[in-house]
Amino acid sequence: MSILREVSENQESEFLEEFAIDVLTGLSKTEKKLSTKYFYDDRGSDLFQKITQHGDYYLTRTEFEILLQSGSKLASLISHEEIDIIELGAGDGHKSELVIDAFLKEDRKVNYFPIDISAQALKQMQAHITHKSNLSVHGIVADYLEGLKFLKQKSKRRKLVLFLGSNIGNFDRAQSESFLRQLWKHLDNDDYLLIGFDLKKDVEKLHAAYNDSSGYTRDFNLNLLDRINRELGGNFNKEKFQHVGVFNPKLGAMESYLLPKEKQEVYIEELEHLFEFEAYEPLHLEYSFKYSKEDIERTCQHTGFKLKEHFIDKEELFIDSLWQVVKR
Ligand code: AVI
């Protein structure tokens, strides 16, 4: 795999500055919050891998099943001889490989471009993508939209963007529409998007998935405090925080919080600021929005796409939905 763009040292220091500002802004709010964007350092990515392999977290294995079942149908709906498959987020490459293989099986040529802000994540993914004829792989170190913009200038081939794994669920409804609109803007008429949505379902099943019995989700959330300690010189004591994953029926989303078990103060050197936490004052970390078929179809229409096909598992837990860009 070649790497088309590398993050410069300059970008790394910009990232740290943005991290510092986001933490300062989030912890200064009346309702304290931190952004999920910072979950995925090396340990966070490792813990997320563990979550995705855990029996309680049904999302990943269900989507894998869907892609295994639907790959050939997907390839038959997109009939181009040569296609660019662009993945937003490198993941471990297993799910994307199912999609790629479906095209290769029909003797199509595939140019695969995983885009990820982390060069490390791309390198790890590279280890899982086996060398195949008719397949070229070029990792792009960039944020999603920046990477797409770069590719739009570089290649005029038909594109299929993969945004799998219910990543869209980590945006709230307004953010997700704005993100999809921007994505639409960076694609050409008739390009495709295959997007994974977790469906609304029994709350107990959701609760188990976001409070797994091995405590990986708890550690995944608490890891953000470690990251602040390490990268911004904070003195959070993880032992003094409790992880809570709850379903908010009004929003239709799982939400995760850290609750301070007692009143405490936390100093963050880089921010030169002391933050006060009341006992059990919620610190909001993550939304994982769940969708109905109607929510998905409405979102598709509002953001300039037309629905081509829903690929769904037999228990109706998850949908990979194929959309096509409409521009006039
Ligand atoms: C990455 N994202 C789709 C996961 C989710 O289900 O919202 C992140 C996650 N958070 C806790 N468990 C998994």
# chains A, B, ... in the order shown; residues from 1 in each chain; ligands from 1

$ residues_around --residues "Tyr287 (chain A)" --least-positions-apart "5" --cutoff "12 Å" --atoms "only C-alpha atoms" --output "list in words"
Lys33, Leu34, Ser35, Thr36, Lys37, Ser166, Asn167, Ile168, Gly169, Asn170, Phe171, Asp172, Arg173, Gln175, Ser176, Tyr210, Gly245, Val246, Phe247, Asn248, Leu251, Gly252, Ala253, Met254, Glu255, Ser256 and Tyr257 of chain A

$ write_last_selection --atoms "N, CA and C atoms" --output "PDB file, in the first residue's frame"
ATOM      1  N   LYS A  33     -18.742  18.572  28.789  1.00  0.00           N
ATOM      2  CA  LYS A  33     -18.662  17.512  27.781  1.00  0.00           C
ATOM      3  C   LYS A  33     -17.277  17.424  27.156  1.00  0.00           C
ATOM      4  N   LEU A  34     -16.970  16.260  26.598  1.00  0.00           N
ATOM      5  CA  LEU A  34     -15.721  16.072  25.857  1.00  0.00           C
ATOM      6  C   LEU A  34     -16.088  15.462  24.514  1.00  0.00           C
ATOM      7  N   SER A  35     -15.215  15.637  23.515  1.00  0.00           N
ATOM      8  CA  SER A  35     -15.560  15.153  22.175  1.00  0.00           C
ATOM      9  C   SER A  35     -15.019  13.740  21.934  1.00  0.00           C
ATOM     10  N   THR A  36     -15.853  12.927  21.288  1.00  0.00           N
ATOM     11  CA  THR A  36     -15.479  11.543  20.965  1.00  0.00           C
ATOM     12  C   THR A  36     -14.306  11.487  19.982  1.00  0.00           C
ATOM     13  N   LYS A  37     -14.073  12.614  19.320  1.00  0.00           N
ATOM     14  CA  LYS A  37     -12.984  12.702  18.347  1.00  0.00           C
ATOM     15  C   LYS A  37     -11.662  12.257  18.967  1.00  0.00           C
ATOM     16  N   SER A 166     -21.816   2.267  11.708  1.00  0.00           N
ATOM     17  CA  SER A 166     -22.646   3.198  12.498  1.00  0.00           C
ATOM     18  C   SER A 166     -21.855   4.415  12.971  1.00  0.00           C
ATOM     19  N   ASN A 167     -20.787   4.753  12.243  1.00  0.00           N
ATOM     20  CA  ASN A 167     -20.043   5.963  12.622  1.00  0.00           C
ATOM     21  C   ASN A 167     -20.909   7.210  12.522  1.00  0.00           C
ATOM     22  N   ILE A 168     -21.871   7.183  11.603  1.00  0.00           N
ATOM     23  CA  ILE A 168     -22.777   8.328  11.445  1.00  0.00           C
ATOM     24  C   ILE A 168     -23.537   8.577  12.757  1.00  0.00           C
ATOM     25  N   GLY A 169     -23.757   7.506  13.539  1.00  0.00           N
ATOM     26  CA  GLY A 169     -24.507   7.604  14.795  1.00  0.00           C
ATOM     27  C   GLY A 169     -23.810   8.451  15.850  1.00  0.00           C
ATOM     28  N   ASN A 170     -22.504   8.669  15.690  1.00  0.00           N
ATOM     29  CA  ASN A 170     -21.811   9.491  16.681  1.00  0.00           C
ATOM     30  C   ASN A 170     -21.980  10.983  16.425  1.00  0.00           C
ATOM     31  N   PHE A 171     -22.643  11.330  15.316  1.00  0.00           N
ATOM     32  CA  PHE A 171     -23.041  12.731  15.082  1.00  0.00           C
ATOM     33  C   PHE A 171     -24.488  12.885  15.545  1.00  0.00           C
ATOM     34  N   ASP A 172     -24.852  14.075  16.049  1.00  0.00           N
ATOM     35  CA  ASP A 172     -26.277  14.272  16.322  1.00  0.00           C
ATOM     36  C   ASP A 172     -26.985  14.502  14.981  1.00  0.00           C
ATOM     37  N   ARG A 173     -28.330  14.592  15.031  1.00  0.00           N
ATOM     38  CA  ARG A 173     -29.077  14.632  13.754  1.00  0.00           C
ATOM     39  C   ARG A 173     -28.627  15.805  12.857  1.00  0.00           C
ATOM     40  N   GLN A 175     -25.735  17.523  12.949  1.00  0.00           N
ATOM     41  CA  GLN A 175     -24.342  17.322  12.488  1.00  0.00           C
ATOM     42  C   GLN A 175     -24.288  16.281  11.380  1.00  0.00           C
ATOM     43  N   SER A 176     -25.105  15.224  11.500  1.00  0.00           N
ATOM     44  CA  SER A 176     -25.019  14.163  10.493  1.00  0.00           C
ATOM     45  C   SER A 176     -25.508  14.686   9.143  1.00  0.00           C
ATOM     46  N   TYR A 210     -23.563  -1.218  25.118  1.00  0.00           N
ATOM     47  CA  TYR A 210     -22.802  -0.032  25.523  1.00  0.00           C
ATOM     48  C   TYR A 210     -22.376  -0.083  26.996  1.00  0.00           C
ATOM     49  N   GLY A 245     -23.701   4.193  30.598  1.00  0.00           N
ATOM     50  CA  GLY A 245     -24.237   4.182  29.225  1.00  0.00           C
ATOM     51  C   GLY A 245     -25.752   4.065  29.321  1.00  0.00           C
ATOM     52  N   VAL A 246     -26.482   5.074  28.835  1.00  0.00           N
ATOM     53  CA  VAL A 246     -27.955   5.066  28.968  1.00  0.00           C
ATOM     54  C   VAL A 246     -28.624   5.396  27.639  1.00  0.00           C
ATOM     55  N   PHE A 247     -29.847   4.882  27.477  1.00  0.00           N
ATOM     56  CA  PHE A 247     -30.620   5.214  26.281  1.00  0.00           C
ATOM     57  C   PHE A 247     -31.480   6.434  26.572  1.00  0.00           C
ATOM     58  N   ASN A 248     -31.425   7.405  25.655  1.00  0.00           N
ATOM     59  CA  ASN A 248     -32.284   8.587  25.767  1.00  0.00           C
ATOM     60  C   ASN A 248     -33.412   8.428  24.745  1.00  0.00           C
ATOM     61  N   LEU A 251     -34.231  11.404  22.305  1.00  0.00           N
ATOM     62  CA  LEU A 251     -33.273  11.611  21.211  1.00  0.00           C
ATOM     63  C   LEU A 251     -33.189  10.384  20.307  1.00  0.00           C
ATOM     64  N   GLY A 252     -33.507   9.221  20.851  1.00  0.00           N
ATOM     65  CA  GLY A 252     -33.307   7.976  20.106  1.00  0.00           C
ATOM     66  C   GLY A 252     -31.821   7.650  20.033  1.00  0.00           C
ATOM     67  N   ALA A 253     -31.120   7.890  21.149  1.00  0.00           N
ATOM     68  CA  ALA A 253     -29.657   7.691  21.134  1.00  0.00           C
ATOM     69  C   ALA A 253     -29.180   7.074  22.435  1.00  0.00           C
ATOM     70  N   MET A 254     -28.153   6.233  22.338  1.00  0.00           N
ATOM     71  CA  MET A 254     -27.408   5.842  23.526  1.00  0.00           C
ATOM     72  C   MET A 254     -26.503   7.024  23.839  1.00  0.00           C
ATOM     73  N   GLU A 255     -26.320   7.276  25.121  1.00  0.00           N
ATOM     74  CA  GLU A 255     -25.417   8.361  25.516  1.00  0.00           C
ATOM     75  C   GLU A 255     -24.446   7.801  26.539  1.00  0.00           C
ATOM     76  N   SER A 256     -23.199   8.251  26.490  1.00  0.00           N
ATOM     77  CA  SER A 256     -22.292   7.806  27.542  1.00  0.00           C
ATOM     78  C   SER A 256     -21.778   9.001  28.328  1.00  0.00           C
ATOM     79  N   TYR A 257     -21.685   8.773  29.624  1.00  0.00           N
ATOM     80  CA  TYR A 257     -21.250   9.805  30.568  1.00  0.00           C
ATOM     81  C   TYR A 257     -20.174   9.244  31.484  1.00  0.00           C
TER      82      TYR A 257
END

$ residues_around --residues "Glu269 (chain A)" --least-positions-apart "3" --cutoff "12 Å" --atoms "only C-alpha atoms" --output "ChimeraX atom specification"
/A:20,24,228-236,266,272-275

$ write_last_selection --atoms "N, CA and C atoms" --output "tab-separated table (two decimals), in the first residue's frame"
chain	number	residue	atom	x	y	z
A	20	ALA	N	-6.48	20.76	23.05
A	20	ALA	CA	-6.46	21.61	24.25
A	20	ALA	C	-7.67	22.55	24.25
A	24	LEU	N	-10.75	22.57	26.93
A	24	LEU	CA	-11.03	23.79	27.69
A	24	LEU	C	-12.49	24.21	27.50
A	228	ILE	N	-5.93	12.94	28.38
A	228	ILE	CA	-5.81	14.34	28.82
A	228	ILE	C	-4.64	14.47	29.80
A	229	ASN	N	-4.52	13.50	30.70
A	229	ASN	CA	-3.40	13.54	31.66
A	229	ASN	C	-2.06	13.51	30.92
A	230	ARG	N	-1.95	12.60	29.96
A	230	ARG	CA	-0.68	12.39	29.27
A	230	ARG	C	-0.34	13.55	28.33
A	231	GLU	N	-1.32	13.94	27.51
A	231	GLU	CA	-0.99	14.90	26.44
A	231	GLU	C	-1.16	16.35	26.88
A	232	LEU	N	-2.00	16.59	27.90
A	232	LEU	CA	-2.23	17.98	28.29
A	232	LEU	C	-1.81	18.25	29.75
A	233	GLY	N	-1.18	17.25	30.36
A	233	GLY	CA	-0.70	17.43	31.74
A	233	GLY	C	-1.83	17.55	32.76
A	234	GLY	N	-2.85	16.73	32.63
A	234	GLY	CA	-3.96	16.75	33.59
A	234	GLY	C	-3.67	15.84	34.78
A	235	ASN	N	-4.46	15.99	35.84
A	235	ASN	CA	-4.30	15.07	36.97
A	235	ASN	C	-5.61	14.37	37.35
A	236	PHE	N	-6.38	13.95	36.34
A	236	PHE	CA	-7.59	13.17	36.58
A	236	PHE	C	-7.21	11.88	37.30
A	266	VAL	N	-9.74	19.17	39.29
A	266	VAL	CA	-8.75	18.60	38.36
A	266	VAL	C	-8.00	19.75	37.72
A	272	GLU	N	-3.62	25.64	32.04
A	272	GLU	CA	-3.42	26.48	33.22
A	272	GLU	C	-4.76	26.75	33.90
A	273	HIS	N	-5.49	25.68	34.11
A	273	HIS	CA	-6.85	25.86	34.63
A	273	HIS	C	-7.23	24.72	35.58
A	274	LEU	N	-7.93	25.12	36.64
A	274	LEU	CA	-8.43	24.15	37.62
A	274	LEU	C	-9.93	23.99	37.40
A	275	PHE	N	-10.36	22.76	37.15
A	275	PHE	CA	-11.79	22.50	36.90
A	275	PHE	C	-12.40	21.88	38.14

$ residues_around --residues "Ala208 (chain A)" --least-positions-apart "5" --cutoff "12 Å" --atoms "only C-alpha atoms" --output "ChimeraX atom specification"
/A:51,54-59,202-203,213-217,244-247,254

$ select_by_dssp --residues "region 218-276 of chain A" --states "helix (DSSP H, G or I)" --output "PDB file with C-alpha atoms, in the first residue's frame"
ATOM      1  CA  ARG A 218     -15.954   1.654  30.521  1.00  0.00           C
ATOM      2  CA  ASP A 219     -12.180   1.548  29.933  1.00  0.00           C
ATOM      3  CA  PHE A 220     -12.618   3.065  26.456  1.00  0.00           C
ATOM      4  CA  ASN A 221     -14.374   6.079  27.990  1.00  0.00           C
ATOM      5  CA  LEU A 222     -12.010   6.410  30.956  1.00  0.00           C
ATOM      6  CA  ASN A 223      -9.061   6.271  28.557  1.00  0.00           C
ATOM      7  CA  LEU A 224      -9.945   9.798  27.454  1.00  0.00           C
ATOM      8  CA  LEU A 225      -9.053  11.022  30.956  1.00  0.00           C
ATOM      9  CA  ASP A 226      -5.678   9.236  30.653  1.00  0.00           C
ATOM     10  CA  ARG A 227      -5.110  10.901  27.318  1.00  0.00           C
ATOM     11  CA  ILE A 228      -5.806  14.341  28.815  1.00  0.00           C
ATOM     12  CA  ASN A 229      -3.397  13.537  31.663  1.00  0.00           C
ATOM     13  CA  ARG A 230      -0.679  12.394  29.268  1.00  0.00           C
ATOM     14  CA  GLU A 231      -0.991  14.902  26.445  1.00  0.00           C
ATOM     15  CA  LEU A 232      -2.229  17.985  28.291  1.00  0.00           C
ATOM     16  CA  LYS A 238      -9.833   7.568  36.835  1.00  0.00           C
ATOM     17  CA  GLU A 239     -10.747   5.648  39.980  1.00  0.00           C
ATOM     18  CA  LYS A 240     -12.924   8.564  41.004  1.00  0.00           C
ATOM     19  CA  GLU A 269      -1.281  22.177  33.136  1.00  0.00           C
ATOM     20  CA  GLU A 270      -1.470  22.907  29.418  1.00  0.00           C
ATOM     21  CA  LEU A 271      -4.683  24.882  29.996  1.00  0.00           C
TER      22      LEU A 271
END

$ select_by_dssp --residues "region 52-256 of chain A" --states "strand (DSSP E)" --output "PyMOL selection string"
chain A and resi 82-88+109-116+135-141+159-163+192-198+241-248+253-256

$ write_last_selection --atoms "N, CA and C atoms" --output "tab-separated table (two decimals), in the first residue's frame"
chain	number	residue	atom	x	y	z
A	82	GLU	N	-14.23	-0.35	-13.65
A	82	GLU	CA	-13.19	0.06	-12.69
A	82	GLU	C	-13.81	1.05	-11.72
A	83	ILE	N	-13.52	0.87	-10.45
A	83	ILE	CA	-14.17	1.71	-9.45
A	83	ILE	C	-13.18	2.13	-8.36
A	84	ASP	N	-13.38	3.34	-7.82
A	84	ASP	CA	-12.62	3.78	-6.65
A	84	ASP	C	-13.47	3.52	-5.42
A	85	ILE	N	-12.97	2.70	-4.51
A	85	ILE	CA	-13.68	2.49	-3.24
A	85	ILE	C	-12.95	3.28	-2.16
A	86	ILE	N	-13.68	4.23	-1.59
A	86	ILE	CA	-13.05	5.13	-0.62
A	86	ILE	C	-13.65	4.85	0.74
A	87	GLU	N	-12.82	4.52	1.69
A	87	GLU	CA	-13.37	4.22	3.02
A	87	GLU	C	-13.06	5.34	3.99
A	88	LEU	N	-14.11	5.82	4.67
A	88	LEU	CA	-13.91	6.87	5.68
A	88	LEU	C	-13.63	6.20	7.02
A	109	LYS	N	-11.91	-3.88	-11.73
A	109	LYS	CA	-10.68	-3.34	-11.18
A	109	LYS	C	-11.05	-2.39	-10.03
A	110	VAL	N	-10.36	-2.54	-8.89
A	110	VAL	CA	-10.70	-1.72	-7.72
A	110	VAL	C	-9.48	-0.92	-7.25
A	111	ASN	N	-9.70	0.37	-7.07
A	111	ASN	CA	-8.69	1.23	-6.44
A	111	ASN	C	-9.24	1.58	-5.07
A	112	TYR	N	-8.57	1.11	-4.04
A	112	TYR	CA	-9.09	1.27	-2.68
A	112	TYR	C	-8.31	2.37	-1.95
A	113	PHE	N	-9.05	3.36	-1.45
A	113	PHE	CA	-8.44	4.50	-0.75
A	113	PHE	C	-9.00	4.63	0.67
A	114	PRO	N	-8.38	3.99	1.66
A	114	PRO	CA	-8.83	4.25	3.04
A	114	PRO	C	-8.33	5.63	3.48
A	115	ILE	N	-9.23	6.42	4.06
A	115	ILE	CA	-8.83	7.74	4.56
A	115	ILE	C	-8.90	7.71	6.08
A	116	ASP	N	-7.82	8.09	6.73
A	116	ASP	CA	-7.84	8.15	8.19
A	116	ASP	C	-6.89	9.23	8.66
A	135	LEU	N	-6.31	-5.13	-7.77
A	135	LEU	CA	-6.56	-4.25	-6.62
A	135	LEU	C	-5.34	-3.37	-6.34
A	136	SER	N	-5.57	-2.05	-6.26
A	136	SER	CA	-4.49	-1.17	-5.80
A	136	SER	C	-4.99	-0.47	-4.53
A	137	VAL	N	-4.07	-0.27	-3.58
A	137	VAL	CA	-4.45	0.32	-2.29
A	137	VAL	C	-3.58	1.54	-2.01
A	138	HIS	N	-4.23	2.66	-1.72
A	138	HIS	CA	-3.50	3.90	-1.42
A	138	HIS	C	-4.12	4.55	-0.20
A	139	GLY	N	-3.40	4.50	0.93
A	139	GLY	CA	-3.92	5.13	2.14
A	139	GLY	C	-3.79	6.63	2.07
A	140	ILE	N	-4.76	7.34	2.63
A	140	ILE	CA	-4.69	8.80	2.65
A	140	ILE	C	-4.78	9.29	4.09
A	141	VAL	N	-3.71	9.93	4.56
A	141	VAL	CA	-3.72	10.46	5.93
A	141	VAL	C	-4.32	11.86	5.87
A	159	LYS	N	-17.04	6.61	-8.01
A	159	LYS	CA	-16.62	6.38	-6.62
A	159	LYS	C	-17.73	5.71	-5.80
A	160	LEU	N	-17.28	4.81	-4.93
A	160	LEU	CA	-18.17	4.25	-3.91
A	160	LEU	C	-17.53	4.57	-2.57
A	161	VAL	N	-18.22	5.41	-1.78
A	161	VAL	CA	-17.69	5.77	-0.46
A	161	VAL	C	-18.29	4.82	0.57
A	162	LEU	N	-17.43	4.26	1.43
A	162	LEU	CA	-17.91	3.40	2.53
A	162	LEU	C	-17.84	4.19	3.83
A	163	PHE	N	-18.99	4.34	4.46
A	163	PHE	CA	-19.00	4.96	5.80
A	163	PHE	C	-19.75	3.98	6.70
A	192	TYR	N	-21.57	6.81	-5.44
A	192	TYR	CA	-22.34	6.02	-4.46
A	192	TYR	C	-21.80	6.20	-3.04
A	193	LEU	N	-22.71	5.99	-2.09
A	193	LEU	CA	-22.34	5.97	-0.68
A	193	LEU	C	-22.98	4.74	-0.04
A	194	LEU	N	-22.17	3.91	0.61
A	194	LEU	CA	-22.72	2.78	1.38
A	194	LEU	C	-22.51	3.14	2.85
A	195	ILE	N	-23.65	3.31	3.54
A	195	ILE	CA	-23.55	3.87	4.89
A	195	ILE	C	-24.25	2.95	5.91
A	196	GLY	N	-23.56	2.71	7.03
A	196	GLY	CA	-24.08	1.78	8.05
A	196	GLY	C	-24.86	2.51	9.14
A	197	PHE	N	-26.09	2.08	9.38
A	197	PHE	CA	-26.93	2.65	10.45
A	197	PHE	C	-27.32	1.55	11.43
A	198	ASP	N	-27.20	1.85	12.71
A	198	ASP	CA	-27.72	0.92	13.71
A	198	ASP	C	-29.20	1.24	13.91
A	241	PHE	N	-14.08	8.15	38.89
A	241	PHE	CA	-15.14	8.37	37.90
A	241	PHE	C	-15.84	7.06	37.56
A	242	GLN	N	-17.13	7.18	37.30
A	242	GLN	CA	-17.93	6.00	36.96
A	242	GLN	C	-18.48	6.16	35.55
A	243	HIS	N	-18.40	5.07	34.77
A	243	HIS	CA	-18.96	5.10	33.41
A	243	HIS	C	-20.45	4.75	33.43
A	244	VAL	N	-21.24	5.52	32.66
A	244	VAL	CA	-22.68	5.22	32.55
A	244	VAL	C	-23.08	5.26	31.07
A	245	GLY	N	-23.70	4.19	30.60
A	245	GLY	CA	-24.24	4.18	29.23
A	245	GLY	C	-25.75	4.06	29.32
A	246	VAL	N	-26.48	5.07	28.83
A	246	VAL	CA	-27.96	5.07	28.97
A	246	VAL	C	-28.62	5.40	27.64
A	247	PHE	N	-29.85	4.88	27.48
A	247	PHE	CA	-30.62	5.21	26.28
A	247	PHE	C	-31.48	6.43	26.57
A	248	ASN	N	-31.42	7.40	25.66
A	248	ASN	CA	-32.28	8.59	25.77
A	248	ASN	C	-33.41	8.43	24.75
A	253	ALA	N	-31.12	7.89	21.15
A	253	ALA	CA	-29.66	7.69	21.13
A	253	ALA	C	-29.18	7.07	22.44
A	254	MET	N	-28.15	6.23	22.34
A	254	MET	CA	-27.41	5.84	23.53
A	254	MET	C	-26.50	7.02	23.84
A	255	GLU	N	-26.32	7.28	25.12
A	255	GLU	CA	-25.42	8.36	25.52
A	255	GLU	C	-24.45	7.80	26.54
A	256	SER	N	-23.20	8.25	26.49
A	256	SER	CA	-22.29	7.81	27.54
A	256	SER	C	-21.78	9.00	28.33

$ residues_around --residues "Asp143 (chain A)" --least-positions-apart "2" --cutoff "7 Å" --atoms "only C-alpha atoms" --output "NGL selection string"
:A and (116-117 or 145-147)

$ residues_around --residues "region 302-312 of chain A" --least-positions-apart "2" --cutoff "6 Å" --atoms "only C-alpha atoms" --output "list in words"
Arg181, Thr299, Cys300, Ile319, Asp320, Ser321, Leu322, Trp323, Gln324, Val325 and Val326 of chain A

$ closest_residue --among "A:Leu67, A:Ala75, A:Leu104, A:Ile268" --to "Phe318 (chain A)" --atoms "only C-alpha atoms"
A:Leu67

$ closest_residue --among "A:Ser45, A:Gln301, A:Ser13, A:Ser28" --to "ligand 1" --atoms "only C-alpha atoms and all ligand atoms"
A:Ser45

$ atom_distance --atom1 "CA of Gln69 (chain A)" --atom2 "atom 3 (C, counted along the ligand's line) of ligand 1"
21.2 Å
